[in-house]
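Next up, target21.csv (CSV, C-alpha atoms):
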chain,number,residue,atom,x,y,z
O,294,ALA,CA,10.8,-33.3,54.1
O,295,ASP,CA,10.9,-33.0,50.3
O,296,ASP,CA,12.5,-35.9,48.5
O,297,ASN,CA,14.7,-35.4,45.4
O,298,LEU,CA,15.9,-38.0,42.9
O,299,THR,CA,19.1,-37.0,41.1
O,300,VAL,CA,20.4,-38.8,38.1
O,301,GLY,CA,23.7,-37.2,37.1
O,302,ILE,CA,27.3,-37.5,36.1
O,303,THR,CA,29.9,-35.8,38.2
O,304,GLY,CA,33.3,-34.6,37.1
O,305,ALA,CA,34.4,-32.2,34.4
O,306,THR,CA,34.8,-34.8,31.7
O,307,ALA,CA,33.5,-35.2,28.2
O,308,SER,CA,30.8,-37.6,29.4
O,309,SER,CA,27.2,-37.8,28.4
O,310,LEU,CA,24.0,-38.8,30.2
O,311,ILE,CA,21.8,-40.7,27.7
O,312,LEU,CA,18.2,-41.7,28.2
O,313,SER,CA,17.0,-43.9,25.3
O,314,SER,CA,14.2,-46.2,24.4
O,315,THR,CA,13.8,-48.9,21.8
O,316,GLY,CA,10.1,-49.0,22.3
O,317,THR,CA,7.8,-48.9,19.3
O,318,GLY,CA,4.8,-47.2,20.9
O,319,ALA,CA,3.7,-43.7,20.2
O,320,ASN,CA,4.8,-42.8,23.7
O,321,ALA,CA,8.1,-44.8,23.8
O,322,LEU,CA,9.7,-42.2,26.1
O,323,GLN,CA,7.6,-40.0,28.5
O,324,ILE,CA,8.6,-37.3,31.0
O,325,THR,CA,5.6,-36.4,33.1
O,326,THR,CA,4.8,-34.4,36.2
O,327,THR,CA,1.4,-34.6,37.9
O,328,ALA,CA,2.1,-31.4,39.8
O,329,GLY,CA,4.8,-28.8,39.5
O,330,GLY,CA,6.8,-27.9,36.4
O,331,ILE,CA,9.6,-29.1,34.2
O,332,ASP,CA,12.9,-27.2,33.6
O,333,ILE,CA,15.3,-28.0,30.9
O,334,THR,CA,18.5,-25.9,30.8
O,335,ALA,CA,21.5,-26.0,28.6
O,336,GLY,CA,24.4,-24.2,30.4
O,337,GLY,CA,27.0,-24.6,27.7
O,338,ASN,CA,28.5,-21.5,26.1
O,339,LEU,CA,30.6,-22.8,23.3
O,340,ALA,CA,29.9,-23.4,19.6
O,341,GLY,CA,27.7,-26.5,19.3
O,342,GLU,CA,26.6,-26.6,23.0
O,343,ASP,CA,23.0,-25.9,22.0
O,344,LEU,CA,19.6,-27.2,23.1
O,345,ASP,CA,18.5,-29.4,20.3
O,346,ILE,CA,15.0,-31.0,20.0
O,347,THR,CA,14.8,-33.0,16.7
O,348,THR,CA,12.5,-35.3,14.9
O,349,THR,CA,14.1,-37.5,12.2
O,350,GLY,CA,11.1,-39.3,10.8
O,351,ALA,CA,9.5,-38.0,7.6
O,352,THR,CA,6.0,-38.2,9.1
O,353,THR,CA,7.0,-37.4,12.7
O,354,GLU,CA,5.6,-34.0,13.7
O,355,MET,CA,6.9,-31.8,16.5
O,356,ARG,CA,4.0,-30.4,18.6
O,357,LEU,CA,4.2,-27.7,21.2
O,358,THR,CA,0.8,-27.6,23.1
O,359,SER,CA,-0.4,-25.7,26.1
O,360,ALA,CA,-3.7,-26.0,28.0
O,361,SER,CA,-3.0,-22.7,29.8
O,362,THR,CA,-5.6,-19.9,29.5
O,363,THR,CA,-3.1,-17.0,30.2
O,364,VAL,CA,-2.1,-14.5,27.5
O,365,ASP,CA,1.4,-16.0,27.4
O,366,SER,CA,0.4,-19.6,27.3
O,367,ILE,CA,3.3,-20.3,25.0
O,368,ALA,CA,6.2,-17.8,25.2
O,369,ILE,CA,9.2,-17.9,22.9
O,370,GLN,CA,11.8,-15.3,23.9
O,371,ALA,CA,15.3,-14.2,22.8
O,372,ILE,CA,15.5,-10.7,24.1
O,373,THR,CA,19.1,-10.4,25.3
O,374,GLY,CA,21.4,-8.0,23.4
O,375,THR,CA,21.5,-8.9,19.7
O,376,ALA,CA,19.7,-12.2,20.1
O,377,GLY,CA,17.2,-13.1,17.4
O,378,ILE,CA,14.6,-15.8,16.4
O,379,ASP,CA,14.9,-17.5,13.0
O,380,ILE,CA,11.9,-19.5,11.7
O,381,ASP,CA,12.3,-21.3,8.4
O,382,ALA,CA,9.8,-23.6,6.6
O,383,GLY,CA,9.8,-25.6,3.4
O,384,THR,CA,7.3,-25.5,0.6
O,385,GLY,CA,4.5,-26.5,3.0
O,386,GLY,CA,4.6,-22.9,4.3
O,387,ILE,CA,3.7,-21.4,7.7
O,388,ASP,CA,0.1,-21.2,8.9
O,389,ILE,CA,-0.7,-18.9,11.8
O,390,LEU,CA,-4.3,-18.8,13.0
O,391,THR,CA,-5.7,-17.1,16.1
O,392,GLY,CA,-9.3,-16.8,17.4
O,393,GLY,CA,-8.4,-13.3,18.7
O,394,VAL,CA,-6.1,-10.5,17.7
O,395,PHE,CA,-2.4,-10.7,16.6
O,396,SER,CA,0.3,-8.1,16.7
O,397,ILE,CA,3.7,-8.1,14.8
O,398,ASP,CA,5.9,-5.2,16.0
O,399,GLY,CA,9.5,-4.2,15.3
O,400,THR,CA,11.4,-1.3,16.7
O,401,GLY,CA,13.6,-1.0,13.6
O,402,ALA,CA,13.2,-1.1,9.9
O,403,SER,CA,11.1,-4.2,9.0
O,404,ASN,CA,9.7,-5.9,6.0
O,405,VAL,CA,7.1,-8.5,4.9
O,406,SER,CA,7.8,-9.8,1.4
O,407,ALA,CA,7.1,-12.7,-0.9
O,408,THR,CA,10.0,-13.6,-3.3
O,409,SER,CA,7.5,-15.1,-5.8
O,410,GLY,CA,3.7,-15.2,-6.0
O,411,ASN,CA,1.2,-12.9,-4.5
O,412,LEU,CA,1.2,-11.2,-1.0
O,413,THR,CA,-2.4,-10.6,0.2
O,414,LEU,CA,-3.5,-8.4,3.1
O,415,SER,CA,-7.2,-8.6,3.6
O,416,THR,CA,-10.1,-8.5,6.0
O,417,ILE,CA,-12.3,-11.5,5.1
O,418,THR,CA,-15.9,-10.7,6.3
O,419,THR,CA,-15.9,-7.3,8.1
O,420,GLY,CA,-13.4,-4.8,9.3
O,421,VAL,CA,-11.2,-2.0,7.8
O,422,LEU,CA,-7.7,-2.4,6.3
O,423,ILE,CA,-5.6,0.4,7.8
O,424,LEU,CA,-2.1,1.5,6.5
O,425,SER,CA,-0.7,4.2,8.7
O,426,SER,CA,2.7,5.8,9.2
O,427,ALA,CA,4.2,8.4,11.5
O,428,GLY,CA,6.2,9.5,8.4
O,429,ASN,CA,5.6,8.8,4.7
O,430,THR,CA,3.8,5.8,3.3
O,431,THR,CA,5.4,4.4,0.1
O,432,LEU,CA,3.9,2.0,-2.4
O,433,ASP,CA,6.8,0.9,-4.7
O,434,VAL,CA,6.2,-1.3,-7.7
O,435,ALA,CA,9.1,-2.7,-9.6
O,436,THR,CA,9.8,-1.9,-13.2
O,437,GLY,CA,7.2,-3.6,-15.5
O,438,GLY,CA,4.7,-3.9,-12.7
O,439,LEU,CA,1.3,-2.3,-12.3
O,440,LEU,CA,-0.2,-0.7,-9.2
O,441,SER,CA,-3.9,-1.5,-9.4
O,442,VAL,CA,-6.5,-0.3,-6.9
O,443,ASP,CA,-9.9,-2.0,-7.4
O,444,VAL,CA,-12.8,-1.0,-5.1
O,445,ALA,CA,-16.4,-2.1,-5.2
O,446,ALA,CA,-19.2,0.3,-4.1
O,447,PRO,CA,-19.2,2.9,-2.5
O,448,GLY,CA,-15.8,3.9,-4.0
O,449,ILE,CA,-12.4,5.4,-3.1
O,450,GLU,CA,-11.9,8.4,-0.8
O,451,VAL,CA,-8.5,10.1,-0.4
O,452,ALA,CA,-8.4,12.8,2.3
O,453,THR,CA,-5.4,14.8,3.5
O,454,ALA,CA,-4.8,17.8,5.7
O,455,ASN,CA,-2.0,18.9,3.4
O,456,ASN,CA,-0.9,18.3,-0.2
O,457,ILE,CA,-1.5,15.4,-2.5
O,458,SER,CA,1.1,14.7,-5.1
O,459,VAL,CA,0.9,12.0,-7.9
O,460,ALA,CA,4.1,11.7,-9.9
O,461,ALA,CA,5.0,9.4,-12.8
O,462,SER,CA,7.9,9.2,-15.3
O,463,ASP,CA,5.6,7.5,-17.8
O,464,SER,CA,1.8,7.3,-17.9
O,465,ILE,CA,-1.0,7.4,-15.3
O,466,GLY,CA,-4.2,5.6,-16.0
O,467,VAL,CA,-7.4,5.9,-13.9
O,468,VAL,CA,-10.5,3.8,-14.8
O,469,ALA,CA,-13.6,4.5,-12.9
O,470,GLN,CA,-17.3,4.8,-13.3
O,471,THR,CA,-17.3,8.2,-11.6
O,472,LEU,CA,-14.0,9.9,-10.6
O,473,THR,CA,-14.3,13.0,-8.4
O,474,ILE,CA,-11.2,15.0,-7.3
O,475,GLU,CA,-12.3,17.8,-5.0
O,476,LEU,CA,-10.4,20.4,-3.0
O,477,THR,CA,-12.5,21.4,0.0
O,478,GLY,CA,-9.9,23.5,1.9
O,479,ALA,CA,-10.3,27.2,2.6
O,480,GLU,CA,-6.8,28.2,1.6
O,481,ASP,CA,-6.2,31.4,-0.4
O,482,ASP,CA,-3.3,30.0,-2.4
O,483,GLU,CA,-3.7,30.6,-6.2
O,484,ASP,CA,-2.1,27.1,-6.7
O,485,ASP,CA,-4.4,25.2,-4.3
O,486,PHE,CA,-5.1,22.5,-6.9
O,487,THR,CA,-2.5,22.0,-9.7
O,488,VAL,CA,-2.3,19.5,-12.5
O,489,ARG,CA,0.8,19.7,-14.6
O,490,ALA,CA,3.3,17.8,-16.7
O,491,VAL,CA,6.8,18.9,-15.6
O,492,GLY,CA,9.0,17.4,-18.2
O,493,THR,CA,10.0,19.4,-21.3
O,494,ASN,CA,8.6,16.7,-23.6
O,495,GLY,CA,5.7,15.7,-21.4
O,496,ASP,CA,2.1,16.4,-22.7
O,497,LEU,CA,-0.9,16.9,-20.5
O,498,LEU,CA,-3.9,15.3,-22.2
O,499,LEU,CA,-7.6,15.7,-21.1
O,500,THR,CA,-9.9,13.4,-23.1
O,501,SER,CA,-13.5,12.3,-22.7
O,502,GLY,CA,-15.7,9.7,-24.4
O,503,ASP,CA,-18.6,12.0,-23.7
O,504,ASP,CA,-18.7,15.6,-22.6
O,505,LEU,CA,-15.8,17.7,-21.1
O,506,LEU,CA,-17.0,20.6,-19.0
O,507,ILE,CA,-14.8,23.3,-17.4
O,508,ASP,CA,-16.6,25.7,-15.1
O,509,THR,CA,-15.3,28.3,-12.6
O,510,VAL,CA,-16.7,31.1,-10.5
O,511,GLY,CA,-13.5,33.1,-11.1
O,512,LEU,CA,-11.2,33.7,-14.1
O,513,LEU,CA,-10.7,31.1,-16.8
O,514,GLU,CA,-7.5,31.6,-18.7
O,515,LEU,CA,-6.0,29.6,-21.5
O,516,ASN,CA,-2.4,30.6,-22.3
O,517,SER,CA,0.7,29.2,-24.0
O,518,SER,CA,4.2,30.5,-23.5
O,519,ALA,CA,5.9,28.6,-26.4
O,520,GLY,CA,3.2,27.5,-28.9
O,521,VAL,CA,0.1,28.2,-30.8
O,522,ILE,CA,-3.3,28.1,-29.1
O,523,SER,CA,-5.7,26.1,-31.3
O,524,ILE,CA,-9.4,25.6,-30.9
O,525,GLY,CA,-11.2,23.3,-33.3
O,526,ASN,CA,-8.1,22.5,-35.3
O,527,ASP,CA,-8.8,18.8,-35.9
O,528,ALA,CA,-10.7,17.6,-39.0
O,529,VAL,CA,-14.1,17.1,-37.3
O,530,ASN,CA,-17.1,18.8,-38.8
O,531,GLN,CA,-18.7,20.2,-35.7
O,532,ASN,CA,-19.7,23.8,-34.9
O,533,ILE,CA,-17.9,26.0,-32.5
O,534,GLY,CA,-19.9,28.4,-30.3
O,535,ILE,CA,-18.4,31.3,-28.4
O,536,GLY,CA,-20.6,33.4,-26.2
O,537,THR,CA,-23.9,31.9,-27.5
O,538,ALA,CA,-25.9,32.5,-24.3
O,539,GLY,CA,-26.1,35.3,-21.8
O,540,THR,CA,-25.5,39.0,-22.1
O,541,ARG,CA,-21.8,39.6,-22.4
O,542,ALA,CA,-19.1,41.4,-24.2
O,543,ILE,CA,-16.9,39.3,-26.5
O,544,THR,CA,-13.4,40.6,-27.3
O,545,VAL,CA,-11.2,39.3,-30.0
O,546,GLY,CA,-7.7,40.8,-30.3
O,547,ASN,CA,-6.5,44.1,-28.9
O,548,ALA,CA,-5.1,47.5,-30.0
O,549,ALA,CA,-1.6,46.0,-30.3
O,550,SER,CA,-2.7,42.9,-32.3
O,551,THR,CA,-0.7,42.6,-35.6
O,552,GLU,CA,-3.6,40.9,-37.4
O,553,VAL,CA,-7.1,39.6,-36.8
O,554,GLU,CA,-8.0,37.1,-39.6
O,555,LEU,CA,-11.5,35.8,-40.4
O,556,ASN,CA,-11.7,33.0,-43.0
O,557,GLY,CA,-14.7,31.1,-44.2
O,558,LEU,CA,-17.1,30.3,-47.1
O,559,LEU,CA,-19.4,32.7,-45.4
O,560,VAL,CA,-18.6,35.4,-42.8
O,561,ASP,CA,-21.8,36.6,-41.2
O,562,ILE,CA,-21.6,39.5,-38.8
O,563,ASN,CA,-24.9,40.7,-37.2
O,564,ALA,CA,-25.4,43.6,-34.9
O,565,GLY,CA,-28.3,45.0,-33.0
O,566,ALA,CA,-29.9,48.4,-33.3
O,567,THR,CA,-27.0,50.1,-31.6
O,568,GLY,CA,-24.3,48.4,-33.6
Represent the supplied structure as structure tokens.
Amino acid sequence: ADDNLTVGITGATASSLILSSTGTGANALQITTTAGGIDITAGGNLAGEDLDITTTGATTEMRLTSASTTVDSIAIQAITGTAGIDIDAGTGGIDILTGGVFSIDGTGASNVSATSGNLTLSTITTGVLILSSAGNTTLDVATGGLLSVDVAAPGIEVATANNISVAASDSIGVVAQTLTIELTGAEDDEDDFTVRAVGTNGDLLLTSGDDLLIDTVGLLELNSSAGVISIGNDAVNQNIGIGTAGTRAITVGNAASTEVELNGLLVDINAGATG
């Protein structure tokens, strides 16, 4: 028959069972089984009736080790009702390392944050960093901060099956060796690709340290609903060419124009044999 050894206190009194050792060895108190398991249960249900495992020495570590090879070799669970798990660490931090994969999942709103210092998400040698969402993905930088995206070769690619919107209440800066923004969809919308400054005092500036080329296979229109349209109105001594290549008709003004004004030190008008 199986033999049991019971060490206990009977009676519903405020009594305690204390096992203690005054030994000075690294294994001053051992609880060991050569076969079978060990169960430790706290059945209290009042405040303070907890299961406490504590080390009091400044250099005494608490180690939880398993030689098991199953996927749940060490399981920490608090899954009943509103139960939770709270892990706090001092300035030494928390170091989690696995030789395989890891997964952190939450069924409600969740966050990963650093109250000071940097927060780094990276793949060290190979692999892809994937940010995905069933809804919107928001990158929110506090006032005075800068959102910087730096990519080595081959570059940055942004693809979407719908619209792309970039909005700013101040300025947007893009620094790149080559920046290509391309719309490859086959939609018939006249506003497929729109760049605009919405605010009443917001300017839209296109500048280049080299050439600025605008080409289209359809119409190219330049209009202003509340201001003068100026071409070559800065004090730079460079020529302006209009219709300098190709066979085309050039129209300036219309029958309802109030005035067509030509000013210059020399006004040269040349026409062919039919003009």
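For the atom pair formed by atom CA of Ile457 of chain O and atom CA of Asn429 of chain O, the distance is 12.1 Å, given to one decimal.
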Handout entry: Atomic distance atom CA of Thr373 of chain O - atom CA of Gly386 of chain O, expressed in Å with one decimal
Key =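 Straight-line distance from atom CA of Thr373 of chain O to atom CA of Gly386 of chain O works out to 28.4 Å.
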Handout entry: Neighbour residues at most 10 Å from (-14.3, 5.5, -10.4) (all atoms listed in the file) as JSON, numbers by chain
Key = {"O": [443, 444, 445, 446, 447, 448, 449, 467, 468, 469, 470, 471, 472, 473]}
Practice task
Please indicate the distance in Å from atom CA of Leu312 of chain O to atom CA of Ile333 of chain O, rounded to one decimal place.
Solution key: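 Distance between the two atoms: 14.3 Å.
The shortest atom-to-atom distance to Leu439 of chain O, with all atoms listed in the file taken into account, belongs to O:Ile465 out of O:Ser403, O:Val451, O:Ile465, O:Gln323.
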